[in-house]
>>> print(open('query_23.cif').read())   # mmCIF, C-alpha atoms
data_work
loop_
_atom_site.label_atom_id
_atom_site.label_comp_id
_atom_site.auth_asym_id
_atom_site.auth_seq_id
_atom_site.Cartn_x
_atom_site.Cartn_y
_atom_site.Cartn_z
CA MET A 1 -23.96 -26.33 129.95
CA LYS A 2 -27.42 -25.07 130.88
CA LYS A 3 -26.87 -26.34 134.44
CA TYR A 4 -23.57 -24.46 134.69
CA LEU A 5 -25.11 -21.20 133.49
CA LEU A 6 -27.92 -21.50 136.00
CA LEU A 7 -25.39 -22.11 138.77
CA ILE A 8 -23.45 -19.01 137.72
CA SER A 9 -26.67 -17.00 137.66
CA LEU A 10 -27.56 -18.17 141.16
CA SER A 11 -24.07 -17.28 142.39
CA LEU A 12 -24.39 -13.75 140.99
CA LEU A 13 -27.75 -13.27 142.69
CA VAL A 14 -26.28 -14.45 145.99
CA SER A 15 -23.38 -12.01 145.54
CA ILE A 16 -25.78 -9.12 144.96
CA SER A 17 -27.81 -9.93 148.06
CA SER A 18 -24.66 -10.23 150.18
CA PHE A 19 -23.59 -6.62 149.62
CA ALA A 20 -26.04 -5.58 152.33
CA LYS A 21 -23.99 -7.60 154.81
CA ASN A 22 -20.66 -6.27 153.53
CA PRO A 23 -21.19 -3.01 151.60
CA ASN A 24 -17.48 -2.14 151.72
CA ASP A 25 -16.17 -5.10 149.75
CA GLY A 26 -15.12 -2.86 146.83
CA TRP A 27 -17.83 -4.00 144.44
CA LYS A 28 -20.42 -1.72 142.86
CA TYR A 29 -23.82 -3.33 142.37
CA SER A 30 -26.42 -1.93 139.99
CA LEU A 31 -29.63 -2.85 138.23
CA HIS A 32 -30.39 -1.75 134.68
CA LEU A 33 -33.33 -1.64 132.31
CA GLY A 34 -32.90 -0.88 128.62
CA TYR A 35 -34.31 -1.12 125.15
CA SER A 36 -32.48 -2.71 122.20
CA VAL A 37 -32.63 -1.96 118.49
CA GLY A 38 -31.01 -4.07 115.80
CA GLY A 39 -31.46 -7.33 113.99
CA THR A 40 -29.86 -10.47 112.64
CA MET A 41 -27.92 -10.08 109.42
CA PRO A 42 -24.97 -11.47 107.45
CA ALA A 43 -21.48 -10.26 108.32
CA GLY A 44 -21.40 -8.51 104.95
CA MET A 45 -24.45 -7.38 103.00
CA PRO A 46 -24.99 -9.96 100.22
CA ALA A 47 -25.73 -8.98 96.63
CA GLU A 48 -29.04 -10.85 96.85
CA MET A 49 -30.34 -8.26 99.34
CA ARG A 50 -31.50 -5.31 97.22
CA SER A 51 -33.34 -3.08 99.72
CA LEU A 52 -34.82 -2.90 103.21
CA ASP A 53 -38.41 -1.77 102.65
CA SER A 54 -39.63 -1.65 106.26
CA TYR A 55 -38.34 -2.11 109.82
CA ARG A 56 -40.78 -2.28 112.73
CA LEU A 57 -39.70 -1.92 116.36
CA CYS A 58 -40.07 -4.97 118.60
CA PRO A 59 -40.39 -5.22 122.43
CA ASN A 60 -36.65 -5.77 122.83
CA LEU A 61 -36.24 -5.20 126.58
CA GLN A 62 -33.09 -5.88 128.59
CA PHE A 63 -33.17 -6.25 132.38
CA GLY A 64 -30.34 -7.34 134.61
CA CYS A 65 -27.62 -6.55 137.09
CA TYR A 66 -23.99 -5.48 136.79
CA LEU A 67 -21.13 -6.00 139.23
CA ASN A 68 -18.14 -3.66 138.88
CA LYS A 69 -14.88 -3.60 140.80
CA ARG A 70 -11.86 -1.31 140.53
CA ILE A 71 -8.64 -3.33 140.32
CA ILE A 72 -5.70 -1.07 139.41
CA SER A 73 -5.90 2.73 139.13
CA ASN A 74 -8.78 3.48 136.72
CA TRP A 75 -8.99 -0.09 135.42
CA GLY A 76 -11.45 -2.66 136.63
CA PHE A 77 -13.64 -5.65 135.93
CA MET A 78 -17.34 -6.02 135.16
CA THR A 79 -19.70 -8.98 134.98
CA GLY A 80 -23.40 -9.53 135.55
CA LEU A 81 -26.50 -11.20 134.26
CA ASP A 82 -29.08 -10.08 131.69
CA PHE A 83 -32.50 -11.34 130.75
CA GLU A 84 -33.15 -9.94 127.31
CA SER A 85 -35.35 -10.12 124.26
CA LYS A 86 -33.81 -9.54 120.84
CA GLY A 87 -35.95 -9.51 117.72
CA MET A 88 -36.72 -7.93 114.38
CA ASN A 89 -39.70 -7.53 112.06
CA ILE A 90 -38.68 -6.53 108.54
CA ASP A 91 -39.65 -6.54 104.87
CA ALA A 92 -36.85 -6.68 102.31
CA ARG A 93 -36.57 -6.89 98.55
CA VAL A 94 -34.32 -9.73 97.36
CA LYS A 95 -33.13 -11.16 94.06
CA ASN A 96 -32.04 -14.76 93.40
CA TYR A 97 -32.22 -15.49 97.14
CA HIS A 98 -32.05 -19.17 98.10
CA ILE A 99 -34.87 -20.26 100.38
CA LYS A 100 -37.16 -23.17 101.24
CA MET A 101 -40.88 -22.60 101.84
CA VAL A 102 -44.36 -24.12 101.79
CA HIS A 103 -46.62 -22.99 98.94
CA GLY A 104 -50.02 -24.49 98.18
CA GLY A 105 -49.41 -27.26 100.71
CA GLU A 106 -46.15 -28.29 98.99
CA GLU A 107 -42.58 -27.72 100.22
CA ILE A 108 -40.51 -26.05 97.51
CA GLU A 109 -36.91 -24.86 97.38
CA GLY A 110 -35.04 -22.60 95.01
CA GLN A 111 -34.00 -19.06 94.13
CA PHE A 112 -36.55 -16.39 95.05
CA THR A 113 -36.90 -12.88 93.61
CA GLY A 114 -39.42 -10.56 95.26
CA SER A 115 -40.35 -9.34 98.75
CA ASN A 116 -39.50 -11.24 101.91
CA HIS A 117 -41.11 -10.71 105.34
CA THR A 118 -39.20 -12.00 108.38
CA GLU A 119 -40.14 -12.11 112.06
CA GLU A 120 -37.45 -13.21 114.48
CA ASN A 121 -37.24 -13.16 118.27
CA GLN A 122 -34.94 -14.62 120.91
CA LEU A 123 -35.29 -14.70 124.70
CA ALA A 124 -31.86 -15.05 126.24
CA LEU A 125 -30.02 -15.29 129.53
CA THR A 126 -26.71 -13.50 128.97
CA LEU A 127 -23.50 -13.41 130.98
CA PRO A 128 -21.15 -10.51 130.07
CA VAL A 129 -17.49 -10.32 131.14
CA ALA A 130 -15.60 -7.11 130.43
CA ILE A 131 -12.63 -4.90 131.29
CA THR A 132 -13.60 -1.40 132.46
CA PHE A 133 -11.96 2.02 132.45
CA ASN A 134 -13.35 4.66 134.82
CA VAL A 135 -13.12 8.43 134.35
CA LYS A 136 -14.95 10.28 137.15
CA ARG A 137 -18.64 9.38 136.63
CA VAL A 138 -18.14 7.58 133.33
CA ASN A 139 -17.33 3.88 133.05
CA ILE A 140 -16.23 2.52 129.66
CA TYR A 141 -16.14 -1.23 129.10
CA ALA A 142 -15.42 -3.85 126.44
CA GLY A 143 -15.43 -7.63 126.55
CA ILE A 144 -17.25 -10.80 125.57
CA TYR A 145 -20.60 -12.39 126.38
CA GLY A 146 -22.20 -15.80 126.35
CA SER A 147 -25.95 -16.34 125.92
CA TYR A 148 -28.22 -19.28 126.49
CA ILE A 149 -31.33 -18.97 124.30
CA LEU A 150 -34.40 -19.79 126.37
CA GLY A 151 -36.77 -19.59 123.42
CA SER A 152 -36.69 -18.40 119.82
CA THR A 153 -38.71 -18.02 116.63
CA PHE A 154 -37.68 -17.38 113.04
CA LYS A 155 -40.50 -17.35 110.52
CA GLY A 156 -41.89 -15.37 107.63
CA TYR A 157 -43.12 -15.51 104.08
CA ALA A 158 -42.07 -14.68 100.52
CA TYR A 159 -44.52 -12.70 98.40
CA ASP A 160 -44.97 -10.45 95.36
CA GLY A 161 -42.43 -12.28 93.21
CA TYR A 162 -41.45 -15.68 91.88
CA LEU A 163 -39.36 -18.70 92.80
CA ARG A 164 -37.17 -20.63 90.37
CA ARG A 165 -37.64 -24.10 91.82
CA ARG A 166 -34.71 -26.43 92.27
CA ASP A 167 -35.92 -29.23 90.03
CA PRO A 168 -34.55 -32.81 90.25
CA GLY A 169 -30.95 -33.00 89.05
CA MET A 170 -30.29 -29.28 89.51
CA VAL A 171 -27.54 -27.94 91.79
CA LYS A 172 -28.26 -25.50 94.59
CA GLY A 173 -28.29 -21.91 93.34
CA ASP A 174 -29.29 -22.67 89.75
CA PRO A 175 -31.80 -19.92 88.78
CA THR A 176 -33.20 -21.71 85.72
CA GLY A 177 -35.75 -24.07 87.32
CA THR A 178 -39.49 -24.06 86.97
CA LYS A 179 -40.94 -20.61 87.65
CA ILE A 180 -43.55 -20.42 90.42
CA GLU A 181 -45.40 -17.12 90.87
CA LEU A 182 -45.99 -15.91 94.44
CA GLY A 183 -48.71 -13.37 95.23
CA THR A 184 -49.52 -11.20 98.22
CA SER A 185 -52.45 -13.04 99.84
CA ALA A 186 -52.03 -15.79 102.44
CA SER A 187 -52.98 -18.47 99.91
CA GLU A 188 -50.62 -17.15 97.19
CA ARG A 189 -47.43 -16.52 99.15
CA GLY A 190 -44.79 -19.00 100.38
CA ASP A 191 -44.44 -19.49 104.16
CA TYR A 192 -41.43 -20.69 106.14
CA ASP A 193 -40.61 -21.41 109.77
CA PHE A 194 -37.03 -22.20 110.81
CA SER A 195 -37.59 -21.85 114.58
CA SER A 196 -36.56 -25.46 115.26
CA ASP A 197 -33.17 -24.81 113.62
CA MET A 198 -32.14 -22.02 116.02
CA ARG A 199 -28.91 -22.30 118.01
CA ARG A 200 -29.16 -22.64 121.81
CA TRP A 201 -25.77 -21.13 122.70
CA GLN A 202 -24.27 -17.90 121.37
CA ILE A 203 -21.04 -16.01 122.01
CA GLY A 204 -20.01 -12.52 120.95
CA VAL A 205 -18.33 -9.25 121.83
CA LEU A 206 -19.72 -6.13 123.47
CA ALA A 207 -18.69 -2.55 124.22
CA GLY A 208 -20.46 0.17 126.13
CA VAL A 209 -20.46 3.06 128.55
CA ASP A 210 -22.18 3.83 131.88
CA TRP A 211 -22.75 7.39 133.11
CA ASN A 212 -23.71 8.13 136.73
CA PHE A 213 -25.58 11.41 136.30
CA SER A 214 -27.37 11.85 139.66
CA GLY A 215 -26.90 10.08 142.97
CA LYS A 216 -27.66 6.40 142.44
CA TRP A 217 -29.16 6.97 138.99
CA GLY A 218 -27.32 6.61 135.72
CA ALA A 219 -27.66 5.81 132.03
CA TYR A 220 -25.96 3.28 129.82
CA ALA A 221 -25.48 2.42 126.16
CA ASN A 222 -23.84 -0.60 124.56
CA VAL A 223 -23.53 -2.52 121.34
CA ASN A 224 -22.97 -6.24 120.80
CA TYR A 225 -22.10 -8.52 117.91
CA GLY A 226 -22.63 -12.27 117.90
CA PHE A 227 -19.83 -14.36 116.43
CA SER A 228 -22.04 -17.41 116.06
CA GLY A 229 -24.93 -17.41 113.62
CA ILE A 230 -28.41 -17.73 115.11
CA HIS A 231 -29.04 -21.05 113.35
CA ASP A 232 -27.43 -24.43 114.00
CA GLY A 233 -24.26 -25.27 112.13
CA SER A 234 -26.13 -27.95 110.15
CA PHE A 235 -28.70 -25.43 108.87
CA ASN A 236 -28.05 -24.82 105.15
CA VAL A 237 -31.25 -23.30 103.77
CA LEU A 238 -29.94 -19.73 103.81
CA ASP A 239 -26.65 -19.10 102.03
CA GLN A 240 -25.30 -16.67 104.68
CA ALA A 241 -25.11 -17.08 108.45
CA LEU A 242 -27.17 -14.47 110.28
CA HIS A 243 -25.44 -12.74 113.22
CA PRO A 244 -27.26 -10.86 116.02
CA ILE A 245 -26.21 -7.18 116.05
CA PHE A 246 -27.93 -4.91 118.57
CA GLY A 247 -27.50 -1.60 120.34
CA THR A 248 -29.07 -0.88 123.74
CA ILE A 249 -29.79 2.27 125.76
CA GLY A 250 -31.30 2.45 129.23
CA LEU A 251 -31.19 3.48 132.87
CA THR A 252 -29.17 2.12 135.80
CA TYR A 253 -29.78 2.22 139.55
CA ARG A 254 -26.89 1.80 142.01
CA LEU A 255 -27.70 -0.56 144.90
CA ASN A 256 -24.84 0.46 147.17
CA LYS A 257 -22.81 3.62 147.84
CA GLN A 258 -19.44 2.42 146.52
#
>>> encode(input="query_23.cif", output="structure tokens")
Amino acid sequence: MKKYLLLISLSLLVSISSFAKNPNDGWKYSLHLGYSVGGTMPAGMPAEMRSLDSYRLCPNLQFGCYLNKRIISNWGFMTGLDFESKGMNIDARVKNYHIKMVHGGEEIEGQFTGSNHTEENQLALTLPVAITFNVKRVNIYAGIYGSYILGSTFKGYAYDGYLRRRDPGMVKGDPTGTKIELGTSASERGDYDFSSDMRRWQIGVLAGVDWNFSGKWGAYANVNYGFSGIHDGSFNVLDQALHPIFGTIGLTYRLNKQ
């Protein structure tokens, strides 16, 4: 699969370079650079999540190329290639939240109540495919995307609370196990790192708009939602699958005059 995506990427780059030889082939070629804001979260907000205490911006840059072609009347087709970073850095207050962590050199698992700090980042190569509708200088599009994750991290720590440990013989989710207090210092909190459990392939939907405001320059905005959770299907530490949900704004530059 990785080989096929790289071949598709190479084909798109060859197509972009070929417009100089045939600028009247009906395609519009453009580069874009944007910034994304969002995070990974369950499809529905779980009862265990009580509040979002802080959200810090991450260097979530998106750079790539789009290829657009008018097919019938105002309708057309769009594809391209993006290199993007998607991440979040948050602190949340949770109650009875199932998690596995390392505390005092020992791996413990159970239901945690307190504050949770999470840092997550993904570097991805993304291939969008969408239907477009053009109205004068505005191009509206909606479709699907596939991403290959080049690298990812998902780590954090639980602090300022307590964990009800899942003692031997107890079922998952039982909040009556041994109580372990977690403090705020590095030696008192519980650390976790689930980076090795991240999924390599993702698929989702996207929708957006491009606006050509001056000559070859334009602006764009889009949103995307990942159907697949960011962790492997075998990952069962967290009770809910976390989906990437991001919005992006940025600038575009038209490479040809079409």
>>> closest_residue(input="query_23.cif", among="A:Thr118, A:Asn139, A:Asn212, A:Thr176", to="Phe194 in chain A", atoms="only C-alpha atoms")
A:Thr118
>>> resolve_selection(input="query_23.cif", expression="the PyMOL selection byres ((chain A and resi 232) around 7)", output="number ranges by chain")
A: 197-199, 230-231, 233-235
>>> closest_residue(input="query_23.cif", among="A:Tyr29, A:Tyr253, A:Phe112, A:Trp75", to="Arg166 in chain A", atoms="only C-alpha atoms")
A:Phe112
>>> resolve_selection(input="query_23.cif", expression="the PyMOL selection byres ((chain A and resi 96-109) around 8)", output="list in words")
Glu48, Met49, Val94, Lys95, Gly110, Gln111, Phe112, Thr113, Tyr157, Arg165, Arg166, Gly173, Pro175, Ser187, Glu188, Arg189, Gly190, Asp191, Tyr192, Val237, Leu238 and Asp239 of chain A
>>> closest_residue(input="query_23.cif", among="A:Val171, A:Leu163, A:Ala158, A:Ile72", to="Ala186 in chain A", atoms="all atoms listed in the file")
A:Ala158
>>> closest_residue(input="query_23.cif", among="A:Gly39, A:Gly34, A:Gly183, A:Gly64", to="Ser115 in chain A", atoms="all atoms listed in the file")
A:Gly183
>>> residues_around(input="query_23.cif", residues="Ile90 in chain A", least_positions_apart="6", cutoff="12 Å", atoms="all atoms listed in the file", output="list in words")
Gly38, Gly39, Thr40, Met41, Ser51, Leu52, Asp53, Ser54, Tyr55, Arg56, Leu57, Cys58, Ser115, Asn116, His117, Thr118, Glu119, Glu120, Asn121, Phe154, Lys155, Gly156, Tyr157 and Ala158 of chain A
>>> atom_distance(input="query_23.cif", atom1="CA of Phe77 in chain A", atom2="CA of Asn224 in chain A")
17.8 Å
>>> residues_around(input="query_23.cif", residues="Gly208 in chain A", least_positions_apart="2", cutoff="8 Å", atoms="all atoms listed in the file", output="list of chain:residue names")
A:Ile140, A:Tyr141, A:Ala142, A:Leu206, A:Asp210, A:Tyr220, A:Ala221, A:Asn222, A:Val223
